[in-house]
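J.: Provided herewith: input10.csv, CSV, C-alpha atoms.
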```csv
chain,number,residue,atom,x,y,z
A,1,MET,CA,169.5,-162.7,-19.3
A,2,PRO,CA,167.7,-162.3,-15.9
A,3,HIS,CA,165.3,-165.1,-14.9
A,4,ILE,CA,162.4,-162.7,-14.6
A,5,ALA,CA,161.4,-159.5,-16.4
A,6,LEU,CA,163.6,-157.0,-14.5
A,7,PRO,CA,163.7,-153.4,-15.7
A,8,GLN,CA,166.4,-153.2,-18.4
A,9,ASP,CA,169.7,-151.3,-18.1
A,10,LEU,CA,169.7,-151.5,-14.3
A,11,PRO,CA,172.8,-153.5,-13.2
A,12,GLY,CA,172.9,-156.0,-10.3
A,13,ILE,CA,170.7,-155.4,-7.3
A,14,SER,CA,169.2,-152.1,-8.9
A,15,GLY,CA,167.1,-154.3,-11.2
A,16,GLY,CA,165.6,-156.3,-8.3
A,17,PHE,CA,165.1,-153.1,-6.3
A,18,ALA,CA,163.2,-151.4,-9.2
A,19,PHE,CA,161.1,-154.5,-9.9
A,20,ARG,CA,159.9,-154.7,-6.2
A,21,PRO,CA,160.1,-151.3,-4.4
A,22,GLU,CA,158.2,-152.8,-1.4
A,23,THR,CA,161.2,-155.1,-0.5
A,24,ALA,CA,163.8,-152.6,-1.8
A,25,LYS,CA,163.0,-150.1,0.9
A,26,PRO,CA,163.9,-152.2,4.0
A,27,MET,CA,166.9,-153.7,2.1
A,28,ARG,CA,168.2,-150.2,1.3
A,29,GLU,CA,167.7,-149.1,4.9
A,30,LEU,CA,169.5,-152.1,6.3
A,31,ALA,CA,172.6,-151.5,4.1
A,32,HIS,CA,172.5,-147.8,4.9
A,33,ILE,CA,172.6,-148.4,8.7
A,34,LEU,CA,175.1,-151.2,8.5
A,35,LEU,CA,177.6,-149.5,6.1
A,36,HIS,CA,177.0,-145.8,6.1
A,37,GLU,CA,175.6,-144.5,9.3
A,38,PRO,CA,177.9,-143.5,12.2
A,39,SER,CA,179.7,-146.4,13.8
A,40,SER,CA,183.0,-146.9,15.7
A,41,LEU,CA,184.0,-149.0,12.6
A,42,THR,CA,184.8,-146.7,9.7
A,43,PRO,CA,182.7,-146.9,6.5
A,44,GLY,CA,185.8,-148.2,4.7
A,45,GLU,CA,186.3,-151.0,7.3
A,46,ARG,CA,182.6,-152.0,7.0
A,47,GLU,CA,182.7,-151.9,3.1
A,48,LEU,CA,185.8,-154.2,3.3
A,49,ILE,CA,183.8,-156.7,5.4
A,50,ALA,CA,180.9,-156.5,2.8
A,51,THR,CA,183.4,-156.9,-0.1
A,52,TYR,CA,185.2,-159.8,1.5
A,53,VAL,CA,182.0,-161.8,2.2
A,54,SER,CA,180.7,-161.0,-1.4
A,55,SER,CA,184.0,-162.4,-2.8
A,56,GLN,CA,183.7,-165.5,-0.7
A,57,ASN,CA,180.2,-165.9,-2.1
A,58,ASN,CA,181.6,-165.2,-5.6
A,59,CYS,CA,179.1,-162.5,-6.4
A,60,TYR,CA,180.7,-160.4,-9.1
A,61,PHE,CA,178.4,-157.4,-8.9
A,62,CYS,CA,178.4,-157.1,-5.1
A,63,GLN,CA,182.2,-157.5,-4.7
A,64,ALA,CA,182.9,-155.0,-7.5
A,65,SER,CA,180.5,-152.3,-6.3
A,66,HIS,CA,181.3,-152.6,-2.6
A,67,GLY,CA,185.0,-153.0,-3.4
A,68,ALA,CA,184.7,-149.7,-5.3
A,69,ALA,CA,183.0,-148.0,-2.4
A,70,ALA,CA,185.7,-149.4,0.0
A,71,ALA,CA,188.5,-148.1,-2.4
A,72,CYS,CA,186.8,-144.7,-2.4
A,73,HIS,CA,186.7,-144.5,1.4
A,74,LEU,CA,190.3,-145.8,1.8
A,75,GLY,CA,191.9,-144.0,-1.1
A,76,GLY,CA,193.0,-147.0,-3.3
A,77,GLU,CA,192.1,-150.3,-4.7
A,78,GLU,CA,195.1,-152.2,-3.6
A,79,ILE,CA,194.0,-152.7,0.0
A,80,VAL,CA,190.7,-154.1,-1.3
A,81,GLN,CA,192.4,-156.7,-3.4
A,82,GLN,CA,194.7,-157.6,-0.6
A,83,VAL,CA,191.8,-158.1,1.8
A,84,LYS,CA,190.0,-160.3,-0.8
A,85,THR,CA,193.1,-162.4,-1.5
A,86,ASP,CA,194.7,-162.7,2.0
A,87,PHE,CA,193.3,-160.4,4.7
A,88,GLN,CA,195.7,-161.7,7.3
A,89,ALA,CA,198.6,-160.1,5.3
A,90,ALA,CA,196.7,-156.9,4.4
A,91,PRO,CA,197.5,-153.5,6.0
A,92,VAL,CA,194.4,-153.4,8.2
A,93,SER,CA,194.2,-153.3,12.0
A,94,PRO,CA,194.5,-156.6,14.0
A,95,LYS,CA,190.9,-155.8,15.2
A,96,LEU,CA,189.6,-155.8,11.6
A,97,LYS,CA,191.4,-159.0,10.9
A,98,ALA,CA,189.7,-160.6,13.8
A,99,LEU,CA,186.4,-159.3,12.6
A,100,LEU,CA,187.0,-160.5,9.1
A,101,ALA,CA,187.7,-164.0,10.5
A,102,ILE,CA,184.3,-163.9,12.2
A,103,ALA,CA,182.7,-162.7,9.0
A,104,GLY,CA,184.3,-165.5,7.0
A,105,LYS,CA,182.8,-168.1,9.4
A,106,VAL,CA,179.3,-166.5,9.3
A,107,GLN,CA,179.5,-166.7,5.4
A,108,LYS,CA,179.9,-170.4,5.7
A,109,ASP,CA,177.5,-171.0,8.6
A,110,GLY,CA,176.8,-168.9,11.7
A,111,LYS,CA,177.4,-171.9,14.0
A,112,LEU,CA,181.1,-171.9,13.1
A,113,VAL,CA,181.7,-168.7,15.1
A,114,SER,CA,183.3,-169.8,18.3
A,115,ALA,CA,183.8,-168.2,21.7
A,116,GLU,CA,187.5,-168.1,20.9
A,117,ASP,CA,186.9,-166.1,17.7
A,118,VAL,CA,184.9,-163.6,19.6
A,119,GLY,CA,187.4,-163.5,22.5
A,120,ARG,CA,190.2,-162.8,20.0
A,121,ALA,CA,188.3,-159.9,18.5
A,122,ARG,CA,187.5,-158.5,21.9
A,123,ALA,CA,191.2,-158.8,22.9
A,124,LYS,CA,192.0,-156.6,19.9
A,125,GLY,CA,189.5,-154.0,21.1
A,126,ALA,CA,186.3,-155.0,19.4
A,127,THR,CA,183.1,-153.9,21.2
A,128,ASP,CA,179.9,-155.9,21.4
A,129,VAL,CA,178.2,-153.6,18.8
A,130,GLU,CA,181.1,-154.1,16.4
A,131,ILE,CA,180.9,-157.8,16.8
A,132,HIS,CA,177.1,-157.7,16.3
A,133,ASP,CA,177.4,-155.5,13.2
A,134,THR,CA,180.2,-157.7,11.7
A,135,VAL,CA,177.9,-160.8,12.1
A,136,LEU,CA,175.0,-159.0,10.6
A,137,ILE,CA,177.0,-157.4,7.7
A,138,ALA,CA,178.3,-160.9,6.8
A,139,ALA,CA,174.8,-162.4,7.2
A,140,ALA,CA,173.2,-159.6,5.1
A,141,PHE,CA,175.6,-160.0,2.3
A,142,CYS,CA,174.8,-163.7,2.2
A,143,MET,CA,171.3,-162.4,1.4
A,144,TYR,CA,172.2,-159.6,-1.1
A,145,ASN,CA,174.6,-161.9,-3.0
A,146,ARG,CA,172.1,-164.7,-3.3
A,147,TYR,CA,169.4,-162.2,-4.4
A,148,VAL,CA,171.5,-160.8,-7.2
A,149,ASP,CA,172.8,-164.2,-8.4
A,150,GLY,CA,169.5,-166.0,-7.8
A,151,LEU,CA,167.6,-163.6,-10.1
A,152,GLY,CA,170.3,-163.9,-12.8
A,153,ALA,CA,170.7,-160.1,-12.6
A,154,TRP,CA,172.7,-158.3,-15.3
A,155,GLN,CA,176.3,-157.9,-13.9
A,156,PRO,CA,178.3,-155.9,-16.5
A,157,ARG,CA,182.1,-156.2,-16.6
A,158,ASP,CA,182.8,-152.5,-16.7
A,159,ALA,CA,185.3,-151.1,-14.2
A,160,SER,CA,184.4,-147.4,-14.8
A,161,MET,CA,180.7,-148.1,-14.0
A,162,TYR,CA,181.6,-149.7,-10.7
A,163,ALA,CA,184.1,-146.8,-9.9
A,164,GLU,CA,181.3,-144.3,-10.4
A,165,MET,CA,178.8,-146.4,-8.4
A,166,GLY,CA,181.4,-146.8,-5.6
A,167,GLN,CA,181.8,-143.1,-5.4
A,168,HIS,CA,178.1,-142.5,-5.2
A,169,LEU,CA,177.7,-145.2,-2.5
A,170,ALA,CA,180.7,-143.8,-0.5
A,171,GLU,CA,179.3,-140.3,-0.6
A,172,GLU,CA,175.5,-140.8,-0.5
A,173,GLY,CA,175.0,-144.2,1.1
A,174,TYR,CA,172.2,-146.6,0.2
A,175,GLN,CA,168.9,-144.9,0.6
A,176,LYS,CA,168.6,-143.6,-3.0
A,177,PRO,CA,169.3,-145.3,-6.3
A,178,SER,CA,172.8,-144.6,-7.7
A,179,ARG,CA,171.6,-144.3,-11.2
B,1,MET,CA,175.6,-168.4,26.1
B,2,PRO,CA,175.4,-165.7,23.4
B,3,HIS,CA,178.7,-164.4,22.1
B,4,ILE,CA,177.8,-160.8,23.1
B,5,ALA,CA,175.7,-159.3,25.9
B,6,LEU,CA,172.2,-159.7,24.5
B,7,PRO,CA,169.2,-158.9,26.7
B,8,GLU,CA,168.2,-161.9,28.8
B,9,GLY,CA,164.9,-163.6,28.4
B,10,GLN,CA,164.6,-163.0,24.7
B,11,PRO,CA,165.4,-166.2,22.7
B,12,GLY,CA,166.7,-166.3,19.1
B,13,ILE,CA,166.5,-163.3,16.9
B,14,ARG,CA,164.5,-161.4,19.5
B,15,GLY,CA,167.5,-160.9,21.7
B,16,ALA,CA,169.6,-159.7,18.8
B,17,MET,CA,166.8,-157.3,17.7
B,18,ALA,CA,166.4,-155.9,21.2
B,19,PHE,CA,170.2,-155.4,21.4
B,20,ARG,CA,170.2,-153.3,18.2
B,21,PRO,CA,166.8,-151.6,17.5
B,22,GLU,CA,168.3,-149.6,14.6
B,23,THR,CA,168.8,-152.7,12.4
B,24,ALA,CA,165.8,-154.5,13.9
B,25,LYS,CA,163.5,-152.1,12.1
B,26,PRO,CA,164.4,-152.9,8.5
B,27,LEU,CA,164.8,-156.6,9.4
B,28,ASN,CA,161.2,-156.7,10.7
B,29,ASP,CA,159.9,-154.6,7.8
B,30,LEU,CA,161.5,-156.9,5.3
B,31,VAL,CA,160.1,-160.1,6.8
B,32,GLU,CA,156.7,-158.5,7.2
B,33,VAL,CA,156.5,-157.6,3.4
B,34,LEU,CA,157.9,-160.9,2.3
B,35,LEU,CA,155.8,-163.3,4.5
B,36,ARG,CA,152.7,-161.3,5.2
B,37,GLY,CA,152.3,-158.5,2.7
B,38,PRO,CA,149.7,-158.7,-0.1
B,39,ASN,CA,150.7,-161.6,-2.3
B,40,THR,CA,149.3,-164.3,-4.6
B,41,LEU,CA,151.3,-166.8,-2.5
B,42,THR,CA,149.4,-167.4,0.8
B,43,PRO,CA,151.2,-166.6,4.1
B,44,GLY,CA,151.2,-170.3,4.9
B,45,GLU,CA,153.0,-171.1,1.6
B,46,ARG,CA,155.6,-168.3,2.2
B,47,GLU,CA,156.2,-169.5,5.8
B,48,LEU,CA,156.8,-173.0,4.4
B,49,ILE,CA,159.5,-171.6,2.1
B,50,ALA,CA,161.1,-169.8,5.1
B,51,THR,CA,160.9,-172.9,7.2
B,52,TYR,CA,162.4,-175.2,4.5
B,53,VAL,CA,165.3,-172.9,3.9
B,54,SER,CA,165.9,-172.5,7.7
B,55,SER,CA,165.9,-176.3,8.0
B,56,LEU,CA,168.5,-176.6,5.2
B,57,ASN,CA,170.6,-174.1,7.1
B,58,ASP,CA,170.1,-176.1,10.2
B,59,CYS,CA,168.9,-173.1,12.3
B,60,TYR,CA,166.9,-174.6,15.1
B,61,TYR,CA,165.2,-171.4,16.3
B,62,CYS,CA,164.2,-170.2,12.8
B,63,GLN,CA,162.9,-173.5,11.5
B,64,THR,CA,160.9,-174.1,14.7
B,65,ILE,CA,159.3,-170.6,15.0
B,66,HIS,CA,158.6,-170.3,11.3
B,67,GLY,CA,157.3,-173.9,11.2
B,68,ALA,CA,155.0,-173.0,14.1
B,69,ILE,CA,153.8,-169.8,12.2
B,70,ALA,CA,153.3,-171.9,9.1
B,71,ALA,CA,151.2,-174.5,11.0
B,72,ALA,CA,149.2,-171.7,12.5
B,73,HIS,CA,148.3,-170.4,9.0
B,74,LEU,CA,147.6,-174.0,7.8
B,75,ASN,CA,144.9,-175.0,10.3
B,76,GLY,CA,147.4,-176.3,12.8
B,77,ASP,CA,148.8,-178.9,10.3
B,78,GLU,CA,152.2,-179.6,11.9
B,79,GLU,CA,152.5,-182.8,10.0
B,80,LEU,CA,152.5,-181.0,6.7
B,81,VAL,CA,155.3,-178.7,7.9
B,82,LYS,CA,157.4,-181.7,8.9
B,83,LYS,CA,156.7,-183.4,5.5
B,84,VAL,CA,157.8,-180.2,3.6
B,85,LYS,CA,161.1,-180.2,5.6
B,86,ALA,CA,161.7,-183.9,5.1
B,87,ASP,CA,160.5,-184.5,1.5
B,88,PHE,CA,158.5,-181.7,0.0
B,89,LEU,CA,158.1,-183.4,-3.4
B,90,HIS,CA,155.8,-185.9,-1.7
B,91,ALA,CA,154.0,-183.3,0.6
B,92,ALA,CA,150.4,-182.3,0.1
B,93,ILE,CA,151.2,-178.9,-1.5
B,94,SER,CA,150.6,-177.6,-5.0
B,95,ASP,CA,153.0,-178.4,-7.9
B,96,LYS,CA,153.7,-174.7,-8.2
B,97,LEU,CA,154.9,-174.5,-4.6
B,98,LYS,CA,157.1,-177.6,-5.1
B,99,ALA,CA,158.7,-175.9,-8.1
B,100,LEU,CA,159.3,-172.8,-6.0
B,101,LEU,CA,160.8,-174.8,-3.2
B,102,VAL,CA,163.3,-176.3,-5.7
B,103,ILE,CA,164.3,-172.8,-6.5
B,104,ALA,CA,164.5,-171.8,-2.8
B,105,GLY,CA,166.8,-174.8,-2.1
B,106,LYS,CA,169.1,-173.8,-4.9
B,107,VAL,CA,169.3,-170.2,-3.6
B,108,GLN,CA,170.2,-171.6,-0.2
B,109,ARG,CA,173.3,-173.3,-1.6
B,110,GLY,CA,174.2,-170.3,-3.8
B,111,GLY,CA,172.1,-168.1,-6.2
B,112,LYS,CA,174.1,-169.1,-9.2
B,113,ASN,CA,172.6,-172.7,-8.9
B,114,VAL,CA,169.2,-171.4,-10.1
B,115,THR,CA,168.8,-172.3,-13.8
B,116,ALA,CA,166.5,-171.0,-16.6
B,117,ALA,CA,165.0,-174.5,-16.6
B,118,ASP,CA,164.1,-174.3,-12.9
B,119,VAL,CA,162.4,-170.9,-13.5
B,120,GLU,CA,160.6,-172.2,-16.6
B,121,HIS,CA,159.4,-175.2,-14.7
B,122,ALA,CA,157.9,-173.0,-12.0
B,123,ARG,CA,156.3,-170.7,-14.7
B,124,SER,CA,154.8,-173.7,-16.5
B,125,LEU,CA,153.0,-174.6,-13.2
B,126,GLY,CA,151.6,-171.1,-12.9
B,127,ALA,CA,154.2,-169.1,-11.0
B,128,THR,CA,154.4,-165.4,-11.8
B,129,ASP,CA,157.5,-163.3,-12.0
B,130,ILE,CA,156.7,-161.7,-8.6
B,131,GLU,CA,156.2,-165.1,-7.0
B,132,ILE,CA,159.6,-166.2,-8.4
B,133,HIS,CA,161.2,-163.0,-7.2
B,134,ASP,CA,159.7,-163.3,-3.8
B,135,THR,CA,160.8,-167.0,-3.5
B,136,VAL,CA,164.4,-166.1,-4.4
B,137,LEU,CA,164.3,-163.2,-1.8
B,138,ILE,CA,162.7,-165.2,0.9
B,139,ALA,CA,165.3,-167.9,0.5
B,140,ALA,CA,168.1,-165.3,0.4
B,141,ALA,CA,166.7,-163.4,3.4
B,142,PHE,CA,166.6,-166.6,5.5
B,143,CYS,CA,170.2,-167.2,4.7
B,144,MET,CA,170.7,-163.9,6.5
B,145,TYR,CA,168.3,-164.4,9.4
B,146,ASN,CA,169.6,-167.9,10.1
B,147,ARG,CA,173.3,-166.8,10.1
B,148,TYR,CA,172.4,-163.8,12.3
B,149,VAL,CA,170.7,-166.0,14.9
B,150,ASP,CA,173.4,-168.7,14.9
B,151,GLY,CA,176.4,-166.4,14.4
B,152,LEU,CA,175.6,-164.5,17.6
B,153,GLY,CA,175.2,-167.7,19.6
B,154,THR,CA,171.6,-166.7,20.6
B,155,THR,CA,169.7,-168.8,23.1
B,156,GLN,CA,167.4,-171.3,21.3
B,157,PRO,CA,165.3,-173.2,23.9
B,158,ARG,CA,164.4,-176.8,22.9
B,159,ASP,CA,160.7,-176.4,23.9
B,160,GLU,CA,158.3,-176.9,21.0
B,161,ALA,CA,155.3,-175.8,23.1
B,162,LEU,CA,156.9,-172.3,23.5
B,163,TYR,CA,157.3,-171.9,19.7
B,164,ARG,CA,153.8,-173.2,19.1
B,165,GLU,CA,152.2,-170.5,21.3
B,166,ARG,CA,154.5,-167.8,19.8
B,167,GLY,CA,153.7,-169.0,16.3
B,168,LYS,CA,150.0,-168.5,16.8
B,169,LEU,CA,150.6,-165.0,18.1
B,170,VAL,CA,152.9,-163.9,15.2
B,171,ALA,CA,150.5,-165.5,12.6
B,172,ARG,CA,147.7,-163.4,14.1
B,173,ASP,CA,149.4,-160.1,14.8
B,174,GLY,CA,152.4,-160.0,12.4
B,175,TYR,CA,156.1,-159.4,12.9
B,176,VAL,CA,156.2,-155.6,13.2
B,177,GLU,CA,153.3,-155.5,15.7
B,178,VAL,CA,154.7,-158.2,17.9
B,179,SER,CA,158.2,-156.7,17.7
B,180,LYS,CA,156.9,-153.6,19.6
B,181,THR,CA,156.5,-155.7,22.7
B,182,TYR,CA,160.2,-156.6,23.0
B,183,ILE,CA,162.3,-154.0,21.1
B,184,PRO,CA,163.1,-150.8,23.0
B,185,ALA,CA,162.6,-147.4,21.4
B,186,ILE,CA,165.6,-146.2,19.5
B,187,THR,CA,167.9,-144.0,21.5
B,188,ALA,CA,171.0,-142.1,20.5
B,189,ARG,CA,174.1,-144.2,20.8
```
What's the structure tokens form of this structure?
T.:
Amino acid sequence: MPHIALPQDLPGISGGFAFRPETAKPMRELAHILLHEPSSLTPGERELIATYVSSQNNCYFCQASHGAAAACHLGGEEIVQQVKTDFQAAPVSPKLKALLAIAGKVQKDGKLVSAEDVGRARAKGATDVEIHDTVLIAAAFCMYNRYVDGLGAWQPRDASMYAEMGQHLAEEGYQKPSR
Amino acid sequence: MPHIALPEGQPGIRGAMAFRPETAKPLNDLVEVLLRGPNTLTPGERELIATYVSSLNDCYYCQTIHGAIAAAHLNGDEELVKKVKADFLHAAISDKLKALLVIAGKVQRGGKNVTAADVEHARSLGATDIEIHDTVLIAAAFCMYNRYVDGLGTTQPRDEALYRERGKLVARDGYVEVSKTYIPAITAR
């Protein structure tokens, strides 16, 4: 049961968003810009970063919903599982691997990101905006994950619900509620 | 030196926000609602929560600027801010705020650490659902802001006087208003 009286039947972050529309608005806008708006990183790559960080934070709802969005963009769930388990061995570009290494450090503590980490990403072709956005996606999911878990939000174990949600997020983005 | 080419002369999060005005807007809107919007928690109390979480995350820039903003809201009481960071259970703040700081500290380590007993304790001392919600979100949001500032290797000058002056300005004018002075207009990328 959630720690506070969130609207019923709204899973995960949707309950927190409906409870407090004033804070939902900028949180939705931030996710929409970071994950959905045009960028030299594809939406699938950015959803993989969000999913990886959410799995490192062990947030069920966020890794399931963003994993489903990533699978929708990338045409399959296998790559999502591989990135969560061992991204160095996953079939993603060397640039994305270098960015995931940075994201993993940000998840633990921003100060762990080293000049070498950034130099490696740049050597694989990452731009300053891509490095910036990777750091901010990782940081932002340290917020979203704690928000969902800290409120004790309802996080159903229902694969078909996440598949449907992932498709909505992949197609429409984050400005409007998915259900 | 920052990890990427951030605009010079803008310390901490300001350099990052000036680099990427698109994401700066929701980041400023969120902090404005959380720390300054209409609320039964005072701006001083909310800045103390932000400062405490930033100190747990060991982010120099965030704990110093939000500590300065908190002090500006609390009649310049810098000692109270220091006491909250060091040992909030013995600080001169309400029992309700102490219970909320306990929740914030648990969110900082991981949201799943918050227990029904923590929430019940805060409620028994008068905390409302919105206050509990906002405490969780302030703590969560500063786990983002702190990582953003440190993860980009932003410049964080060790000069408390600089933060003290800036803190008074932000306490008076707010985050969104002050951001207009250092964030360029959004242009097509």
J.: Can you list, as a ChimeraX atom specification, every protein, DNA or RNA residue that comes within 7 Å of B:Val53 when you count all atoms listed in the file, leaving out same-chain residues fewer than 4 positions away?
T.: /B:49,57,104-105,108,139,142
J.: Name all residues at most 12 Å from B:Gly37 (count only C-alpha atoms; drop same-chain ones fewer than 3 positions away) and give them as a list of chain:residue names.
T.: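 Near B:Gly37, the qualifying residues are A:Glu22, A:Thr23, B:Asp29, B:Leu30, B:Val31, B:Glu32, B:Val33, B:Leu34, B:Thr40, B:Leu41, B:Thr42, B:Pro43, B:Arg46, B:Asp134, B:Gly174, B:Tyr175, B:Val176.
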J.: Create the file for the chosen residues now, containing C-alpha atoms and written as a compact mmCIF listing (two decimals), in the frame of the given file.
T.:
```txt
# COMPACT_ATOMS: atom_id res chain seq x y z
CA GLU A 22 158.20 -152.80 -1.40
CA THR A 23 161.20 -155.10 -0.50
CA ASP B 29 159.90 -154.60 7.80
CA LEU B 30 161.50 -156.90 5.30
CA VAL B 31 160.10 -160.10 6.80
CA GLU B 32 156.70 -158.50 7.20
CA VAL B 33 156.50 -157.60 3.40
CA LEU B 34 157.90 -160.90 2.30
CA THR B 40 149.30 -164.30 -4.60
CA LEU B 41 151.30 -166.80 -2.50
CA THR B 42 149.40 -167.40 0.80
CA PRO B 43 151.20 -166.60 4.10
CA ARG B 46 155.60 -168.30 2.20
CA ASP B 134 159.70 -163.30 -3.80
CA GLY B 174 152.40 -160.00 12.40
CA TYR B 175 156.10 -159.40 12.90
CA VAL B 176 156.20 -155.60 13.20
```
J.: As JSON, numbers by chain, could you give me every residue of chain A near chain B (at most 8 Å apart, counting all atoms listed in the file)?
T.: {"A": [3, 4, 5, 22, 23, 26, 27, 29, 30, 33, 34, 57, 106, 107, 109, 110, 111, 112, 113, 115, 118, 128, 131, 132, 135, 136, 139, 140, 141, 142, 143, 144, 145, 146, 147, 148, 149, 150, 151, 152]}
J.: Mind dumping the selected residues with C-alpha atoms as an mmCIF file, keeping the file's coordinate frame?
T.:
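The resulting file, again_26.cif, is reproduced below:
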```cif
data_model
loop_
_atom_site.group_PDB
_atom_site.id
_atom_site.type_symbol
_atom_site.label_atom_id
_atom_site.label_comp_id
_atom_site.auth_asym_id
_atom_site.auth_seq_id
_atom_site.Cartn_x
_atom_site.Cartn_y
_atom_site.Cartn_z
ATOM 1 C CA HIS A 3 165.300 -165.100 -14.900
ATOM 2 C CA ILE A 4 162.400 -162.700 -14.600
ATOM 3 C CA ALA A 5 161.400 -159.500 -16.400
ATOM 4 C CA GLU A 22 158.200 -152.800 -1.400
ATOM 5 C CA THR A 23 161.200 -155.100 -0.500
ATOM 6 C CA PRO A 26 163.900 -152.200 4.000
ATOM 7 C CA MET A 27 166.900 -153.700 2.100
ATOM 8 C CA GLU A 29 167.700 -149.100 4.900
ATOM 9 C CA LEU A 30 169.500 -152.100 6.300
ATOM 10 C CA ILE A 33 172.600 -148.400 8.700
ATOM 11 C CA LEU A 34 175.100 -151.200 8.500
ATOM 12 C CA ASN A 57 180.200 -165.900 -2.100
ATOM 13 C CA VAL A 106 179.300 -166.500 9.300
ATOM 14 C CA GLN A 107 179.500 -166.700 5.400
ATOM 15 C CA ASP A 109 177.500 -171.000 8.600
ATOM 16 C CA GLY A 110 176.800 -168.900 11.700
ATOM 17 C CA LYS A 111 177.400 -171.900 14.000
ATOM 18 C CA LEU A 112 181.100 -171.900 13.100
ATOM 19 C CA VAL A 113 181.700 -168.700 15.100
ATOM 20 C CA ALA A 115 183.800 -168.200 21.700
ATOM 21 C CA VAL A 118 184.900 -163.600 19.600
ATOM 22 C CA ASP A 128 179.900 -155.900 21.400
ATOM 23 C CA ILE A 131 180.900 -157.800 16.800
ATOM 24 C CA HIS A 132 177.100 -157.700 16.300
ATOM 25 C CA VAL A 135 177.900 -160.800 12.100
ATOM 26 C CA LEU A 136 175.000 -159.000 10.600
ATOM 27 C CA ALA A 139 174.800 -162.400 7.200
ATOM 28 C CA ALA A 140 173.200 -159.600 5.100
ATOM 29 C CA PHE A 141 175.600 -160.000 2.300
ATOM 30 C CA CYS A 142 174.800 -163.700 2.200
ATOM 31 C CA MET A 143 171.300 -162.400 1.400
ATOM 32 C CA TYR A 144 172.200 -159.600 -1.100
ATOM 33 C CA ASN A 145 174.600 -161.900 -3.000
ATOM 34 C CA ARG A 146 172.100 -164.700 -3.300
ATOM 35 C CA TYR A 147 169.400 -162.200 -4.400
ATOM 36 C CA VAL A 148 171.500 -160.800 -7.200
ATOM 37 C CA ASP A 149 172.800 -164.200 -8.400
ATOM 38 C CA GLY A 150 169.500 -166.000 -7.800
ATOM 39 C CA LEU A 151 167.600 -163.600 -10.100
ATOM 40 C CA GLY A 152 170.300 -163.900 -12.800
#
```
J.: Please list as an MDAnalysis selection string every residue within 10 Å of A:Tyr52, counting only C-alpha atoms and excluding residues in the same chain fewer than 5 positions away.
T.: chainID A and resid 46:47 57:58 62:63 66:67 80:87 100 103:104 107 138 141
J.: From the set B:Pro38, B:Gly44, B:Gly167, B:Pro11, which residue has the shortest atom-to-atom contact distance to B:Tyr61, counting only C-alpha atoms?
T.: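 Selected residue with least distance to B:Tyr61: B:Pro11.
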J.: What is the distance between atom CA of A:Thr127 and atom CA of A:Lys95, in Å to one decimal?
T.: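 Computing it gives 10.0 Å between the two atoms.
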J.: Any idea what's packed within 12 Å of B:Val170, counting all atoms listed in the file, ignoring anything in its chain fewer than 5 positions away? Could you give it as a short mmCIF file (atom, residue, chain, number, x, y, z; two decimals) with C-alpha atoms, in the frame of the given file?
T.:
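Saved result, result.cif, follows:
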```
data_model
loop_
_atom_site.label_atom_id
_atom_site.label_comp_id
_atom_site.auth_asym_id
_atom_site.auth_seq_id
_atom_site.Cartn_x
_atom_site.Cartn_y
_atom_site.Cartn_z
CA ASN B 28 161.20 -156.70 10.70
CA VAL B 31 160.10 -160.10 6.80
CA GLU B 32 156.70 -158.50 7.20
CA LEU B 35 155.80 -163.30 4.50
CA ARG B 36 152.70 -161.30 5.20
CA PRO B 43 151.20 -166.60 4.10
CA GLU B 47 156.20 -169.50 5.80
CA ILE B 65 159.30 -170.60 15.00
CA HIS B 66 158.60 -170.30 11.30
CA GLY B 67 157.30 -173.90 11.20
CA ALA B 68 155.00 -173.00 14.10
CA ILE B 69 153.80 -169.80 12.20
CA ALA B 70 153.30 -171.90 9.10
CA ALA B 71 151.20 -174.50 11.00
CA ALA B 72 149.20 -171.70 12.50
CA HIS B 73 148.30 -170.40 9.00
CA TYR B 163 157.30 -171.90 19.70
CA ARG B 164 153.80 -173.20 19.10
CA GLU B 165 152.20 -170.50 21.30
CA TYR B 175 156.10 -159.40 12.90
CA VAL B 176 156.20 -155.60 13.20
CA GLU B 177 153.30 -155.50 15.70
CA VAL B 178 154.70 -158.20 17.90
CA SER B 179 158.20 -156.70 17.70
CA LYS B 180 156.90 -153.60 19.60
CA THR B 181 156.50 -155.70 22.70
#
```
J.: Select, from A:Ala170, A:Ala121, A:Val92, A:Cys59, the residue with the minimum atom-to-atom distance to A:Glu37, counting all atoms listed in the file.
T.: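 Among the listed residues, A:Ala170 lies closest to A:Glu37.
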J.: How far is it from atom CA of A:Met165 to atom CA of A:Ser40, in Å with one decimal?
T.: 24.5 Å
J.: Counting all atoms listed in the file, which of B:Glu131, B:Ser55, B:Leu48, B:Leu125 gets nearest to B:Leu80?
T.: B:Leu48
J.: What would the file be for stretch 52-56 of chain B if you keep N, CA and C atoms and write it as a tab-separated table (two decimals), in the first residue's frame?
T.:
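After the write, decode-v8.tsv holds the following:
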```
chain	number	residue	atom	x	y	z
B	52	TYR	N	20.10	19.47	3.66
B	52	TYR	CA	20.47	18.23	4.36
B	52	TYR	C	20.77	17.10	3.37
B	53	VAL	N	19.89	16.92	2.39
B	53	VAL	CA	20.10	15.85	1.39
B	53	VAL	C	21.38	16.13	0.58
B	54	SER	N	21.60	17.39	0.22
B	54	SER	CA	22.80	17.73	-0.55
B	54	SER	C	24.07	17.49	0.27
B	55	SER	N	23.98	17.66	1.58
B	55	SER	CA	25.16	17.39	2.42
B	55	SER	C	25.38	15.88	2.52
B	56	LEU	N	24.30	15.09	2.59
B	56	LEU	CA	24.47	13.63	2.59
B	56	LEU	C	25.10	13.16	1.28
```
